[in-house]
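**Q** Below is a structure I'd like to ask you about.
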Amino acid sequence: MSSCEQEAKRTKLNESPSSSQPTMSDALTFLSEICGNLKKIKRTGWVRQGVPLPESDSDHMHRCAMCAMLVTTQKVDPRDDYSGENEKFHPDKIDGIKLLRMAVTHDLCESLAGDITPFCAADAVASKHDKEKAAMEQIRKIVGDPLGVELFNLWKEYEELVTPEAIYCKDIDKFEMVMQAYEYEKDHLKKKADSEREDKTVANEPMRTFFITTSGKMKSPLFKRLDKELRTKRQAMLEERGWDVTDQEQ
């Protein structure tokens, strides 16, 4: 199942009672209709690029969670500079539990709102935030507080991009995406000499857009470094297959 706007199962979801405490059926609806739906939604960008067996929203958020765990559990790498303005990103200053919970929540809204990307229809892009907010409000009602309000507030904090945890989570979201793009290229991209120019799928053309739109966007020292390392590996792989890397993708 894939589209820029996922059709919500309105009848079932609107049956949630008004009580802030979830019943057994509310918990089941949350786990099945909300969390379960994320396992079915294929990420729009990969579908658009003709990727075989594209990942789901759940796949994406699982590795995001692993990235989040790396931030505060490992020794600080001496290559990462946390001086000056970067001091706020030092792992000792990060709430690791909040970051992990944010990583597994940041795309939860897509179970109802769908995976809307900048390349979807203009009206869908324009209404993206409002639809995602409405989705999170509905999810809060389904699961009930206190978890419901925590999920909503984690999503809201992520969207506002003010706290170090939110900025880390945005870095993680972007980095996981370019890492996946690189892996799809590595698995499916043909040598340039063997490619079919009229076919614009991942088998016949590098996934340049994902690297152009994220170039220079990482904010934290850790993910700046990992992003640079990944792009270096990608460049070597592409050049080996006869493809160039544009300045915009660096």
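Identifiers for the structure tokens are assigned positionally: chains receive A, B, ... in sequence, residues are indexed from 1 per chain, and ligands are indexed from 1 in the order shown.
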DSSP on the backbone, then: every residue of segment 11-183 of chain A marked helix (DSSP H, G or I), written as a ChimeraX atom specification.
**A** /A:11-13,24-38,44-48,57-73,84-89,91-93,96-103,110-113,122-126,128-143,147-160,164-183
**Q** With only C-alpha atoms as the counted atoms, please give the residues lying no more than 12 Å from Gln235 of chain A, apart from itself and same-chain residues fewer than 4 positions off, as an MDAnalysis selection string.
**A** chainID A and resid 182 185:186 206 208 211 228:231 239:247 249:250
**Q** Hey, what's within 10 Å of segment 106-114 of chain A if we count only C-alpha atoms and toss same-chain stuff fewer than 4 positions away? As a count of residues only, please?
**A** 54
**Q** Using only C-alpha atoms, determine which residues lie at most 10 Å from Asn86 of chain A, disregarding the query and same-chain residues fewer than 5 positions distant; provide the list as a ChimeraX atom specification.
**A** /A:80-81,164,219-221
**Q** Put those residues in a file: all heavy atoms, as an mmCIF file, in the first residue's frame.
**A**
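Saved result, result_13.cif, follows:
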data_model
loop_
_atom_site.group_PDB
_atom_site.id
_atom_site.type_symbol
_atom_site.label_atom_id
_atom_site.label_comp_id
_atom_site.auth_asym_id
_atom_site.auth_seq_id
_atom_site.Cartn_x
_atom_site.Cartn_y
_atom_site.Cartn_z
ATOM 1 N N ASP A 80 34.506 14.286 16.334
ATOM 2 C CA ASP A 80 33.307 15.122 16.418
ATOM 3 C C ASP A 80 33.564 16.303 17.349
ATOM 4 O O ASP A 80 33.887 16.121 18.527
ATOM 5 C CB ASP A 80 32.122 14.291 16.926
ATOM 6 C CG ASP A 80 31.793 13.133 16.004
ATOM 7 O OD1 ASP A 80 32.092 13.224 14.797
ATOM 8 O OD2 ASP A 80 31.233 12.133 16.502
ATOM 9 N N ASP A 81 33.449 17.507 16.823
ATOM 10 C CA ASP A 81 33.743 18.727 17.566
ATOM 11 C C ASP A 81 32.480 19.271 18.240
ATOM 12 O O ASP A 81 31.557 19.729 17.559
ATOM 13 C CB ASP A 81 34.323 19.774 16.606
ATOM 14 C CG ASP A 81 34.680 21.080 17.312
ATOM 15 O OD1 ASP A 81 34.647 21.111 18.557
ATOM 16 O OD2 ASP A 81 34.984 22.065 16.600
ATOM 17 N N PRO A 164 17.621 20.309 21.186
ATOM 18 C CA PRO A 164 18.682 19.473 20.609
ATOM 19 C C PRO A 164 18.179 18.077 20.224
ATOM 20 O O PRO A 164 18.608 17.522 19.206
ATOM 21 C CB PRO A 164 19.728 19.398 21.727
ATOM 22 C CG PRO A 164 19.511 20.632 22.526
ATOM 23 C CD PRO A 164 18.024 20.872 22.496
ATOM 24 N N LYS A 219 23.000 18.926 11.130
ATOM 25 C CA LYS A 219 23.369 19.950 12.110
ATOM 26 C C LYS A 219 24.319 19.444 13.195
ATOM 27 O O LYS A 219 25.145 20.198 13.692
ATOM 28 C CB LYS A 219 22.102 20.503 12.780
ATOM 29 C CG LYS A 219 21.066 21.046 11.813
ATOM 30 C CD LYS A 219 21.581 22.216 11.015
ATOM 31 C CE LYS A 219 20.484 22.788 10.118
ATOM 32 N NZ LYS A 219 21.001 23.868 9.241
ATOM 33 N N SER A 220 24.170 18.195 13.599
ATOM 34 C CA SER A 220 24.965 17.658 14.706
ATOM 35 C C SER A 220 26.318 17.139 14.203
ATOM 36 O O SER A 220 26.403 16.616 13.085
ATOM 37 C CB SER A 220 24.211 16.524 15.402
ATOM 38 O OG SER A 220 24.008 15.446 14.500
ATOM 39 N N PRO A 221 27.376 17.292 15.000
ATOM 40 C CA PRO A 221 28.695 16.804 14.578
ATOM 41 C C PRO A 221 28.714 15.325 14.199
ATOM 42 O O PRO A 221 29.340 14.943 13.209
ATOM 43 C CB PRO A 221 29.573 17.077 15.805
ATOM 44 C CG PRO A 221 28.928 18.242 16.470
ATOM 45 C CD PRO A 221 27.447 18.017 16.288
#
**Q** Fewer than 2 positions away in the same chain doesn't count, so skip those; otherwise give me all residues within 6 Å of segment 212-217 of chain A, counting only C-alpha atoms, as number ranges by chain.
**A** A: 209-210, 248-249
**Q** Please write the residues from the selection above to a file, keeping N, CA and C atoms, as a compact mmCIF listing (two decimals), in the first residue's frame.
**A**
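Final output, saved to part-v9.txt:
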# COMPACT_ATOMS: atom_id res chain seq x y z
N THR A 209 18.29 12.98 -6.35
CA THR A 209 17.44 13.93 -5.62
C THR A 209 17.58 13.80 -4.11
N PHE A 210 17.69 12.58 -3.61
CA PHE A 210 17.76 12.36 -2.17
C PHE A 210 19.05 12.93 -1.58
N GLN A 248 26.26 19.24 -6.44
CA GLN A 248 25.08 19.40 -5.61
C GLN A 248 24.84 18.21 -4.69
N GLU A 249 25.41 17.06 -5.05
CA GLU A 249 25.20 15.85 -4.25
C GLU A 249 26.25 15.68 -3.16
**Q** Skipping near chain neighbours, those fewer than 5 positions away, what residues fall within 10 Å of His62 of chain A using only C-alpha atoms, listed as a list in words?
**A**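 Neighbouring residues, sequence-local ones excluded: Asp57, Cys67, Ala68, Ala103, Val104 and Glu176 of chain A.
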**Q** Only N, CA, C and O atoms, please: the residues just picked out, written as a PDB file, in the first residue's frame.
**A**
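Listing of part.pdb after writing:
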ATOM      1  N   ASP A  57       7.198   2.504   6.359  1.00  0.00           N
ATOM      2  CA  ASP A  57       7.431   3.506   7.392  1.00  0.00           C
ATOM      3  C   ASP A  57       8.035   2.868   8.643  1.00  0.00           C
ATOM      4  O   ASP A  57       8.916   3.435   9.291  1.00  0.00           O
ATOM      5  N   CYS A  67      19.766   4.525  15.305  1.00  0.00           N
ATOM      6  CA  CYS A  67      20.611   5.722  15.215  1.00  0.00           C
ATOM      7  C   CYS A  67      20.513   6.543  16.496  1.00  0.00           C
ATOM      8  O   CYS A  67      21.518   7.051  17.007  1.00  0.00           O
ATOM      9  N   ALA A  68      19.295   6.672  17.011  1.00  0.00           N
ATOM     10  CA  ALA A  68      19.081   7.443  18.235  1.00  0.00           C
ATOM     11  C   ALA A  68      19.828   6.825  19.410  1.00  0.00           C
ATOM     12  O   ALA A  68      20.408   7.532  20.240  1.00  0.00           O
ATOM     13  N   ALA A 103      12.229   9.206  18.044  1.00  0.00           N
ATOM     14  CA  ALA A 103      12.590   8.524  16.801  1.00  0.00           C
ATOM     15  C   ALA A 103      11.536   7.503  16.382  1.00  0.00           C
ATOM     16  O   ALA A 103      11.274   7.334  15.184  1.00  0.00           O
ATOM     17  N   VAL A 104      10.914   6.828  17.361  1.00  0.00           N
ATOM     18  CA  VAL A 104       9.901   5.829  17.014  1.00  0.00           C
ATOM     19  C   VAL A 104       8.497   6.438  16.931  1.00  0.00           C
ATOM     20  O   VAL A 104       7.529   5.714  16.729  1.00  0.00           O
ATOM     21  N   GLU A 176      19.077   8.539   7.777  1.00  0.00           N
ATOM     22  CA  GLU A 176      18.567   7.194   7.487  1.00  0.00           C
ATOM     23  C   GLU A 176      18.062   7.121   6.048  1.00  0.00           C
ATOM     24  O   GLU A 176      18.232   6.106   5.377  1.00  0.00           O
TER      25      GLU A 176
END
**Q** So which residues touch Phe175 of chain A within 8 Å, counting only C-alpha atoms, skipping near sequence neighbours fewer than 6 positions away, as a PyMOL selection string?
**A** chain A and resi 218+223+227
**Q** Include all heavy atoms and write out the residues we just selected as a PDB file, in the first residue's frame.
**A**
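To be explicit, this is the file written out as part27.pdb:
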ATOM      1  N   MET A 218      22.740  18.399   7.635  1.00  0.00           N
ATOM      2  CA  MET A 218      22.943  17.844   8.974  1.00  0.00           C
ATOM      3  C   MET A 218      23.472  18.932   9.916  1.00  0.00           C
ATOM      4  O   MET A 218      24.317  19.738   9.529  1.00  0.00           O
ATOM      5  CB  MET A 218      23.914  16.665   8.933  1.00  0.00           C
ATOM      6  CG  MET A 218      23.535  15.555   7.961  1.00  0.00           C
ATOM      7  SD  MET A 218      21.945  14.802   8.308  1.00  0.00           S
ATOM      8  CE  MET A 218      21.672  13.902   6.769  1.00  0.00           C
ATOM      9  N   PHE A 223      26.284  13.304  13.027  1.00  0.00           N
ATOM     10  CA  PHE A 223      25.648  12.951  11.753  1.00  0.00           C
ATOM     11  C   PHE A 223      26.215  13.732  10.572  1.00  0.00           C
ATOM     12  O   PHE A 223      26.108  13.280   9.426  1.00  0.00           O
ATOM     13  CB  PHE A 223      24.126  13.061  11.867  1.00  0.00           C
ATOM     14  CG  PHE A 223      23.563  11.933  12.691  1.00  0.00           C
ATOM     15  CD1 PHE A 223      23.215  12.127  14.017  1.00  0.00           C
ATOM     16  CD2 PHE A 223      23.464  10.659  12.148  1.00  0.00           C
ATOM     17  CE1 PHE A 223      22.751  11.077  14.792  1.00  0.00           C
ATOM     18  CE2 PHE A 223      22.997   9.599  12.917  1.00  0.00           C
ATOM     19  CZ  PHE A 223      22.645   9.801  14.240  1.00  0.00           C
ATOM     20  N   ASP A 227      27.340  11.351   7.615  1.00  0.00           N
ATOM     21  CA  ASP A 227      26.826  11.711   6.294  1.00  0.00           C
ATOM     22  C   ASP A 227      27.971  11.882   5.299  1.00  0.00           C
ATOM     23  O   ASP A 227      27.896  11.407   4.157  1.00  0.00           O
ATOM     24  CB  ASP A 227      26.025  13.011   6.414  1.00  0.00           C
ATOM     25  CG  ASP A 227      25.401  13.434   5.093  1.00  0.00           C
ATOM     26  OD1 ASP A 227      24.599  12.654   4.536  1.00  0.00           O
ATOM     27  OD2 ASP A 227      25.702  14.547   4.630  1.00  0.00           O
TER      28      ASP A 227
END
**Q** Between atom CA of Asp92 of chain A and atom CA of Thr72 of chain A, what distance in Å does the model show, to one decimal?
**A**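 Interatomic distance here is 7.0 Å.
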**Q** My list of candidates is A:Leu226, A:Val143, A:Met177, A:Val162. Which is closest to Asp26 of chain A when distances are computed with only C-alpha atoms?
**A**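 Counting only C-alpha atoms, the residue closest to Asp26 of chain A is A:Val143.
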